[in-house]
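> This is the structure, below, for whatever I ask next.
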Amino acid sequence: MNIILQTENLTKLFSTVLAVDSLSFGLEQGTITALLGGNGAGKTTTLSMLLGLIEPSSGSINLFGQDFIKNRYSVLGRMNFSSPYVDLPQRLTVRENLTVYAKLYGVKNVRERIALVSEEFRLSELLDRRVRKLSSGQKTRVSLAKAMINRPDFLLLDEPTASLDPDTTAWIRDFLMKYRDEQGATILFASHDMREVELLCDEVLLMRRGKLVEKGSPEALLRKHDRDNLEQVFLDVSRDGGSS
Amino acid sequence: MNIGSSFGRITALILRYLYLLRSSWPRIIEIAYWPTMQMVIWGFVSQHFSSSSPELTAGGILISVVLVWDCLFRSHISYTLSFLEELWSRNLGNLFVSPLRPNELIAALASISMMRTLIGMLPAALLAIPFFNVSVFDMGLPLLGFFLNLVLTGWAISQFVTGILIRYGLGAESLTWVLPFLIAPFSCIYYPLSTLPQWMQSVAVFVPTTYVFEGMRALLIDGIFRADLMLQAVALNFAFLAFGLFAFFISFQAARRHGLLLQSGE
């Protein structure tokens, strides 16, 4: 078992609001983990702290054996991120965006890499189109292609299949599982799509009011709550506060 | 920090701004349009004054100071507008989850600012020669010193403004246009320092641009290069830059503490 991420008592206080409260969890290499919780549960703040966008108030983040809070630049090149709520420059073409991010991440053989990810994400026909001219589903695919441009060892995704049609959603799901299996990559994603979580995840972290209230595999959580699906578990935990 | 990797990230960001520039020909024209229009208007004003008050226009001083002052404004606007592009396109989150460091962002913004300033100012400076028989290039090497000093002042203001933008978001966008003009009256662009009332002189001596324009007048009117004025401008510019950088990094840290980097642009 190789733990690549370990947080200890990770806490974020925004003036008087405790957004994340003493969060401690670890992620194993080569696993897909879902971060679940209702609105305001602290998912985005947690992801932002793990990306270095928000400075924690206290606690620690150990990533790839490094103290991420003190030394984030040494590991950011091994990570990437995609969110439908963070845009890529709209006036640039898909190819230009991917070129800029490939160079920012120090990717070698930029052209070959762009050709590969654009094929993987069915973007080859769209490479010379400006991002603002794309549909929201196409933009999500471009954002995912950008997230894969450096072949990250640790991938953080915020609602990765938002605005995608069922066929593309299924394709992305398969892609992420294949990527995990072939690259041994670790994936952490926030989602509200419980069916996606059940199909994709090895483990689930459930947050409520900034605290981690449940942790386990989807099957284990279903058994523990005696429920048929994760949506029912989510509702139980969101309303009652979970078991821990 | 690996210098090669750092250089790669800076050039990646410069490429991003060049792509942006390339994507719109009106933007490219606009860069040279305003300085040229300024030059034309002030050229005619200068011609008008040359008959009634020749001391005001001696040595092409009026057109020269207008052109050189515009270097400050253009360098500041080019720097800040490039940064604003990241806020308008809500791209700051993507940039700061990459290995890009804030000092590399600053280096890229300064580089693109220098390119845009040169693209904007060179046509205006060259057109002033056939239009009004005024060549700023006659100043020789000191012109480079005046130019670099004003660009540095522009960047110092930009660093302060981008710090405010990163901390307070697009609500503070108007500062981009307003702030350079705050130092304009103290800079003694069109008049000598002695013209100002005493209290304004006390402020003006702490503004680097004051020494640039005093130096230009000494060169163009009296034919004397004042190295002391140039050095004072450089020293004050370093102080301005240090303050600008301090403001930017303090604001960046505050933005990280308050979780503003993902929300910027909204």
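Identifiers in this document derive from the order of the structure tokens: chains are assigned A, B, ..., residues are numbered from 1 separately in each chain, and ligands are numbered from 1 in order of occurrence.
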What residues in chain B have any atom no more than 9 Å from chain A when counting only C-alpha atoms, and can you write them as a PyMOL selection string?

chain B and resi 1+5-6+8-13+15-16+19-20+23-24+85-86+88-101+253+255-263

> Identify, with DSSP run on backbone atoms, the residues in segment 79-235 of chain A assigned to strand (DSSP E or B), and express the list as a PyMOL selection string.

chain A and resi 79-82+93+130+154-158+186-190+203-208+211-216

> Can those selected residues be exported to a file as a short mmCIF file (atom, residue, chain, number, x, y, z; two decimals), in the first residue's frame so that it contains N, CA and C atoms?


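Result went into part33.cif, see below:
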```cif
data_model
loop_
_atom_site.label_atom_id
_atom_site.label_comp_id
_atom_site.auth_asym_id
_atom_site.auth_seq_id
_atom_site.Cartn_x
_atom_site.Cartn_y
_atom_site.Cartn_z
N MET A 79 0.74 17.02 -10.70
CA MET A 79 -0.71 17.04 -10.47
C MET A 79 -1.38 17.79 -11.63
N ASN A 80 -2.70 17.70 -11.67
CA ASN A 80 -3.46 18.60 -12.55
C ASN A 80 -4.89 18.63 -12.07
N PHE A 81 -5.68 19.48 -12.70
CA PHE A 81 -7.00 19.80 -12.16
C PHE A 81 -7.92 20.20 -13.30
N SER A 82 -9.17 19.83 -13.15
CA SER A 82 -10.18 20.29 -14.11
C SER A 82 -11.47 20.58 -13.38
N THR A 93 -7.50 29.23 -29.31
CA THR A 93 -8.02 27.98 -29.86
C THR A 93 -7.69 26.84 -28.88
N ARG A 130 -11.78 28.25 -31.68
CA ARG A 130 -11.66 28.99 -30.42
C ARG A 130 -12.55 28.36 -29.36
N PHE A 154 -1.38 12.57 -9.90
CA PHE A 154 -2.50 12.86 -9.00
C PHE A 154 -3.41 13.85 -9.72
N LEU A 155 -4.64 13.41 -9.97
CA LEU A 155 -5.58 14.21 -10.75
C LEU A 155 -6.75 14.60 -9.86
N LEU A 156 -7.02 15.90 -9.81
CA LEU A 156 -8.16 16.38 -9.02
C LEU A 156 -9.21 16.91 -9.98
N LEU A 157 -10.43 16.44 -9.81
CA LEU A 157 -11.49 16.81 -10.74
C LEU A 157 -12.70 17.31 -9.96
N ASP A 158 -13.26 18.40 -10.44
CA ASP A 158 -14.47 18.93 -9.83
C ASP A 158 -15.60 18.68 -10.84
N THR A 186 -3.58 8.42 -9.21
CA THR A 186 -4.57 8.58 -8.14
C THR A 186 -5.51 9.71 -8.53
N ILE A 187 -6.80 9.45 -8.39
CA ILE A 187 -7.79 10.45 -8.82
C ILE A 187 -8.72 10.77 -7.64
N LEU A 188 -8.87 12.06 -7.40
CA LEU A 188 -9.81 12.52 -6.37
C LEU A 188 -10.79 13.45 -7.06
N PHE A 189 -12.07 13.16 -6.93
CA PHE A 189 -13.01 14.05 -7.59
C PHE A 189 -14.24 14.34 -6.74
N ALA A 190 -14.73 15.57 -6.94
CA ALA A 190 -15.97 15.98 -6.27
C ALA A 190 -17.10 15.81 -7.26
N GLU A 203 -13.20 4.36 -3.38
CA GLU A 203 -13.48 4.85 -2.03
C GLU A 203 -14.28 6.15 -2.08
N VAL A 204 -15.03 6.38 -1.02
CA VAL A 204 -15.85 7.59 -0.93
C VAL A 204 -15.51 8.31 0.38
N LEU A 205 -15.36 9.63 0.27
CA LEU A 205 -15.22 10.47 1.46
C LEU A 205 -16.46 11.35 1.51
N LEU A 206 -17.19 11.28 2.60
CA LEU A 206 -18.42 12.07 2.69
C LEU A 206 -18.22 13.18 3.71
N MET A 207 -18.45 14.41 3.28
CA MET A 207 -18.25 15.56 4.17
C MET A 207 -19.57 16.21 4.53
N ARG A 208 -19.61 16.73 5.74
CA ARG A 208 -20.79 17.48 6.16
C ARG A 208 -20.31 18.58 7.10
N LYS A 211 -16.67 18.63 8.07
CA LYS A 211 -16.08 17.44 8.71
C LYS A 211 -16.22 16.22 7.81
N LEU A 212 -15.28 15.32 7.95
CA LEU A 212 -15.37 14.04 7.26
C LEU A 212 -16.25 13.13 8.12
N VAL A 213 -17.42 12.73 7.57
CA VAL A 213 -18.35 11.97 8.39
C VAL A 213 -18.44 10.49 7.98
N GLU A 214 -18.01 10.20 6.77
CA GLU A 214 -17.99 8.79 6.35
C GLU A 214 -16.81 8.56 5.44
N LYS A 215 -16.27 7.35 5.50
CA LYS A 215 -15.15 7.00 4.62
C LYS A 215 -15.20 5.51 4.38
N GLY A 216 -15.14 5.11 3.14
CA GLY A 216 -15.16 3.68 2.85
C GLY A 216 -15.47 3.42 1.40
#
```

> Counting only C-alpha atoms, figure out which residue out of B:Ala107, B:Thr117, B:Ala227, B:Leu220 gets nearest to Ser64 of chain B.

B:Leu220

> Find the spatial neighbours of segment 140-150 of chain B, counting only C-alpha atoms, within a cut-off of 9 Å - ignore same-chain residues fewer than 4 positions away - and output them as a list in words.

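Counting only the stated atoms, we get Val68, Trp69, Asp70, Cys71, Leu72, Phe73, Ser75, Val136, Gly154, Trp155, Pro208, Thr209, Val212, Phe213, Gly215, Met216, Leu219, Phe225, Met230, Ala233, Val234 and Asn237 of chain B.
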
> Find the residues near Pro35 of chain B: any atom within 8 Å, counting only C-alpha atoms, skip ones fewer than 5 places away on the same chain, and give them as a VMD selection string.

chain B and resid 67 70 120 to 121 124

> Kindly save the residues from that selection, with N, CA and C atoms included, as a short mmCIF file (atom, residue, chain, number, x, y, z; two decimals), in the first residue's frame.


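The resulting again-v2.cif:
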```
data_model
loop_
_atom_site.label_atom_id
_atom_site.label_comp_id
_atom_site.auth_asym_id
_atom_site.auth_seq_id
_atom_site.Cartn_x
_atom_site.Cartn_y
_atom_site.Cartn_z
N LEU B 67 5.39 61.86 -25.92
CA LEU B 67 5.73 60.50 -26.35
C LEU B 67 6.34 59.69 -25.20
N ASP B 70 3.87 58.77 -22.53
CA ASP B 70 3.00 57.68 -22.99
C ASP B 70 3.65 56.31 -22.80
N GLY B 120 3.64 49.85 -29.69
CA GLY B 120 2.80 51.04 -29.64
C GLY B 120 3.56 52.33 -29.88
N MET B 121 4.75 52.44 -29.30
CA MET B 121 5.44 53.72 -29.29
C MET B 121 6.31 53.96 -30.52
N ALA B 124 4.61 55.77 -33.48
CA ALA B 124 4.33 57.17 -33.15
C ALA B 124 5.62 57.99 -33.17
#
```

> Which one of B:Trp34, B:Phe186, B:Tyr211, B:Phe7 sits closest to Glu104 of chain B if you count only C-alpha atoms?

B:Phe7

> So that I can check the surroundings of Leu10 of chain A, please list as a list in words every protein, DNA and RNA residue that reaches within 6 Å of it, counting only C-alpha atoms and ignoring chain neighbours fewer than 3 positions away.

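Using only C-alpha atoms, the neighbours found are Ser22, Leu23, Ser58, Gly59 and Ser60 of chain A.
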
> For the residues in that selection, give me N, CA and C atoms as an mmCIF file, in the first residue's frame.


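So the final result, stored in part-v1.cif, reads:
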```
data_model
loop_
_atom_site.group_PDB
_atom_site.id
_atom_site.type_symbol
_atom_site.label_atom_id
_atom_site.label_comp_id
_atom_site.auth_asym_id
_atom_site.auth_seq_id
_atom_site.Cartn_x
_atom_site.Cartn_y
_atom_site.Cartn_z
ATOM 1 N N SER A 22 -10.628 19.897 10.806
ATOM 2 C CA SER A 22 -9.772 18.766 11.221
ATOM 3 C C SER A 22 -9.906 17.548 10.304
ATOM 4 N N LEU A 23 -9.692 17.771 9.046
ATOM 5 C CA LEU A 23 -9.860 16.708 8.051
ATOM 6 C C LEU A 23 -8.596 15.849 7.982
ATOM 7 N N SER A 58 -4.682 25.489 9.596
ATOM 8 C CA SER A 58 -3.798 24.607 10.362
ATOM 9 C C SER A 58 -3.864 23.203 9.777
ATOM 10 N N GLY A 59 -3.023 22.335 10.294
ATOM 11 C CA GLY A 59 -2.977 20.960 9.791
ATOM 12 C C GLY A 59 -1.878 20.787 8.757
ATOM 13 N N SER A 60 -1.786 19.577 8.238
ATOM 14 C CA SER A 60 -0.703 19.304 7.290
ATOM 15 C C SER A 60 -1.204 18.522 6.077
#
```

> Nearest residue to Pro192 of chain B out of B:Leu81, B:Ile29, B:Ala242, B:Ala218, using only C-alpha atoms?

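Of all the options, B:Ala218 lies closest to Pro192 of chain B.
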
> With distances taken over only C-alpha atoms, which residue among A:Arg173, A:Glu120, A:Arg151, A:Val94 lies nearest Lys108 of chain A?

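Using only C-alpha atoms, Lys108 of chain A sits closest to A:Arg151.
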
> Using only C-alpha atoms for the distances, tell me which of B:Ser52, B:Thr36, B:Asn133, B:Asn103 is nearest to Ile119 of chain B.

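Using only C-alpha atoms, the shortest distance to Ile119 of chain B belongs to B:Thr36.
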
> Counting only C-alpha atoms, which of B:Ile183, B:Gln159, B:His76, B:Gly223 gets nearest to Val205 of chain B?

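Ranking B:Ile183, B:Gln159, B:His76, B:Gly223 by distance to Val205 of chain B, first place goes to B:Ile183.
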
> Atom CA of Thr162 of chain B and atom CA of Val66 of chain B are how many Å apart?

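The value is 25.5 Å.
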
> What parts of segment 110-143 of chain A does DSSP call helix (DSSP H, G or I)? I'd like the answer as a list of chain:residue names.

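The residues of segment 110-143 of chain A classed as helix (DSSP H, G or I) are A:Val110, A:Arg111, A:Glu112, A:Arg113, A:Ile114, A:Ala115, A:Leu116, A:Val117, A:Ser118, A:Glu119, A:Glu120, A:Ser124, A:Glu125, A:Leu126, A:Val131, A:Arg132, A:Lys133, A:Ser136, A:Gly137, A:Gln138, A:Lys139, A:Thr140, A:Arg141, A:Val142, A:Ser143.
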
> Could those selected residues go to a file with N, CA and C atoms, as a PDB file, in the first residue's frame?


```pdb
ATOM      1  N   VAL A 110       5.702  18.503 -27.261  1.00  0.00           N
ATOM      2  CA  VAL A 110       4.372  19.108 -27.085  1.00  0.00           C
ATOM      3  C   VAL A 110       3.409  18.699 -28.207  1.00  0.00           C
ATOM      4  N   ARG A 111       3.867  18.754 -29.449  1.00  0.00           N
ATOM      5  CA  ARG A 111       2.967  18.440 -30.572  1.00  0.00           C
ATOM      6  C   ARG A 111       2.414  17.019 -30.486  1.00  0.00           C
ATOM      7  N   GLU A 112       3.310  16.087 -30.202  1.00  0.00           N
ATOM      8  CA  GLU A 112       2.871  14.687 -30.119  1.00  0.00           C
ATOM      9  C   GLU A 112       1.883  14.502 -28.967  1.00  0.00           C
ATOM     10  N   ARG A 113       2.177  15.164 -27.862  1.00  0.00           N
ATOM     11  CA  ARG A 113       1.311  15.021 -26.683  1.00  0.00           C
ATOM     12  C   ARG A 113      -0.083  15.593 -26.976  1.00  0.00           C
ATOM     13  N   ILE A 114      -0.100  16.758 -27.654  1.00  0.00           N
ATOM     14  CA  ILE A 114      -1.393  17.375 -27.983  1.00  0.00           C
ATOM     15  C   ILE A 114      -2.162  16.477 -28.955  1.00  0.00           C
ATOM     16  N   ALA A 115      -1.448  15.924 -29.922  1.00  0.00           N
ATOM     17  CA  ALA A 115      -2.112  15.028 -30.880  1.00  0.00           C
ATOM     18  C   ALA A 115      -2.730  13.843 -30.144  1.00  0.00           C
ATOM     19  N   LEU A 116      -2.014  13.325 -29.157  1.00  0.00           N
ATOM     20  CA  LEU A 116      -2.494  12.159 -28.418  1.00  0.00           C
ATOM     21  C   LEU A 116      -3.711  12.489 -27.551  1.00  0.00           C
ATOM     22  N   VAL A 117      -3.603  13.555 -26.747  1.00  0.00           N
ATOM     23  CA  VAL A 117      -4.749  13.863 -25.866  1.00  0.00           C
ATOM     24  C   VAL A 117      -5.962  14.317 -26.672  1.00  0.00           C
ATOM     25  N   SER A 118      -5.712  15.007 -27.796  1.00  0.00           N
ATOM     26  CA  SER A 118      -6.872  15.450 -28.573  1.00  0.00           C
ATOM     27  C   SER A 118      -7.570  14.247 -29.201  1.00  0.00           C
ATOM     28  N   GLU A 119      -6.801  13.221 -29.524  1.00  0.00           N
ATOM     29  CA  GLU A 119      -7.420  12.009 -30.045  1.00  0.00           C
ATOM     30  C   GLU A 119      -8.167  11.277 -28.917  1.00  0.00           C
ATOM     31  N   GLU A 120      -7.518  11.218 -27.758  1.00  0.00           N
ATOM     32  CA  GLU A 120      -8.146  10.532 -26.617  1.00  0.00           C
ATOM     33  C   GLU A 120      -9.471  11.189 -26.229  1.00  0.00           C
ATOM     34  N   SER A 124      -9.752  16.175 -31.991  1.00  0.00           N
ATOM     35  CA  SER A 124      -8.893  16.423 -33.158  1.00  0.00           C
ATOM     36  C   SER A 124      -9.531  17.402 -34.148  1.00  0.00           C
ATOM     37  N   GLU A 125     -10.839  17.276 -34.326  1.00  0.00           N
ATOM     38  CA  GLU A 125     -11.538  18.147 -35.285  1.00  0.00           C
ATOM     39  C   GLU A 125     -11.684  19.568 -34.753  1.00  0.00           C
ATOM     40  N   LEU A 126     -11.529  19.714 -33.461  1.00  0.00           N
ATOM     41  CA  LEU A 126     -11.805  21.019 -32.836  1.00  0.00           C
ATOM     42  C   LEU A 126     -10.542  21.797 -32.494  1.00  0.00           C
ATOM     43  N   VAL A 131     -12.068  28.395 -28.121  1.00  0.00           N
ATOM     44  CA  VAL A 131     -12.793  27.738 -27.024  1.00  0.00           C
ATOM     45  C   VAL A 131     -14.193  28.332 -26.860  1.00  0.00           C
ATOM     46  N   ARG A 132     -14.319  29.657 -27.095  1.00  0.00           N
ATOM     47  CA  ARG A 132     -15.630  30.284 -26.891  1.00  0.00           C
ATOM     48  C   ARG A 132     -16.679  29.786 -27.881  1.00  0.00           C
ATOM     49  N   LYS A 133     -16.241  29.169 -28.972  1.00  0.00           N
ATOM     50  CA  LYS A 133     -17.186  28.670 -29.985  1.00  0.00           C
ATOM     51  C   LYS A 133     -17.631  27.227 -29.699  1.00  0.00           C
ATOM     52  N   SER A 136     -20.843  23.464 -24.282  1.00  0.00           N
ATOM     53  CA  SER A 136     -20.357  23.272 -22.903  1.00  0.00           C
ATOM     54  C   SER A 136     -19.757  21.875 -22.727  1.00  0.00           C
ATOM     55  N   GLY A 137     -20.312  20.876 -23.415  1.00  0.00           N
ATOM     56  CA  GLY A 137     -19.750  19.528 -23.341  1.00  0.00           C
ATOM     57  C   GLY A 137     -18.353  19.469 -23.950  1.00  0.00           C
ATOM     58  N   GLN A 138     -18.194  20.163 -25.073  1.00  0.00           N
ATOM     59  CA  GLN A 138     -16.869  20.198 -25.717  1.00  0.00           C
ATOM     60  C   GLN A 138     -15.857  20.926 -24.824  1.00  0.00           C
ATOM     61  N   LYS A 139     -16.315  22.001 -24.170  1.00  0.00           N
ATOM     62  CA  LYS A 139     -15.417  22.736 -23.254  1.00  0.00           C
ATOM     63  C   LYS A 139     -14.971  21.841 -22.100  1.00  0.00           C
ATOM     64  N   THR A 140     -15.897  21.028 -21.594  1.00  0.00           N
ATOM     65  CA  THR A 140     -15.533  20.115 -20.502  1.00  0.00           C
ATOM     66  C   THR A 140     -14.464  19.141 -20.975  1.00  0.00           C
ATOM     67  N   ARG A 141     -14.599  18.661 -22.225  1.00  0.00           N
ATOM     68  CA  ARG A 141     -13.590  17.734 -22.754  1.00  0.00           C
ATOM     69  C   ARG A 141     -12.241  18.414 -22.932  1.00  0.00           C
ATOM     70  N   VAL A 142     -12.271  19.695 -23.349  1.00  0.00           N
ATOM     71  CA  VAL A 142     -11.006  20.440 -23.494  1.00  0.00           C
ATOM     72  C   VAL A 142     -10.359  20.616 -22.122  1.00  0.00           C
ATOM     73  N   SER A 143     -11.185  20.932 -21.134  1.00  0.00           N
ATOM     74  CA  SER A 143     -10.658  21.122 -19.780  1.00  0.00           C
ATOM     75  C   SER A 143     -10.039  19.819 -19.254  1.00  0.00           C
TER      76      SER A 143
END
```

> Using Å and a single decimal, report how far atom CA of Thr31 of chain A sits from atom CA of Ile149 of chain A.

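Distance reported for this atom pair: 19.7 Å.
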
> What is the atom CA of Phe160 of chain B to atom CA of Gly244 of chain B distance in Å?

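Computing the Euclidean distance for atom CA of Phe160 of chain B and atom CA of Gly244 of chain B yields 4.6 Å.
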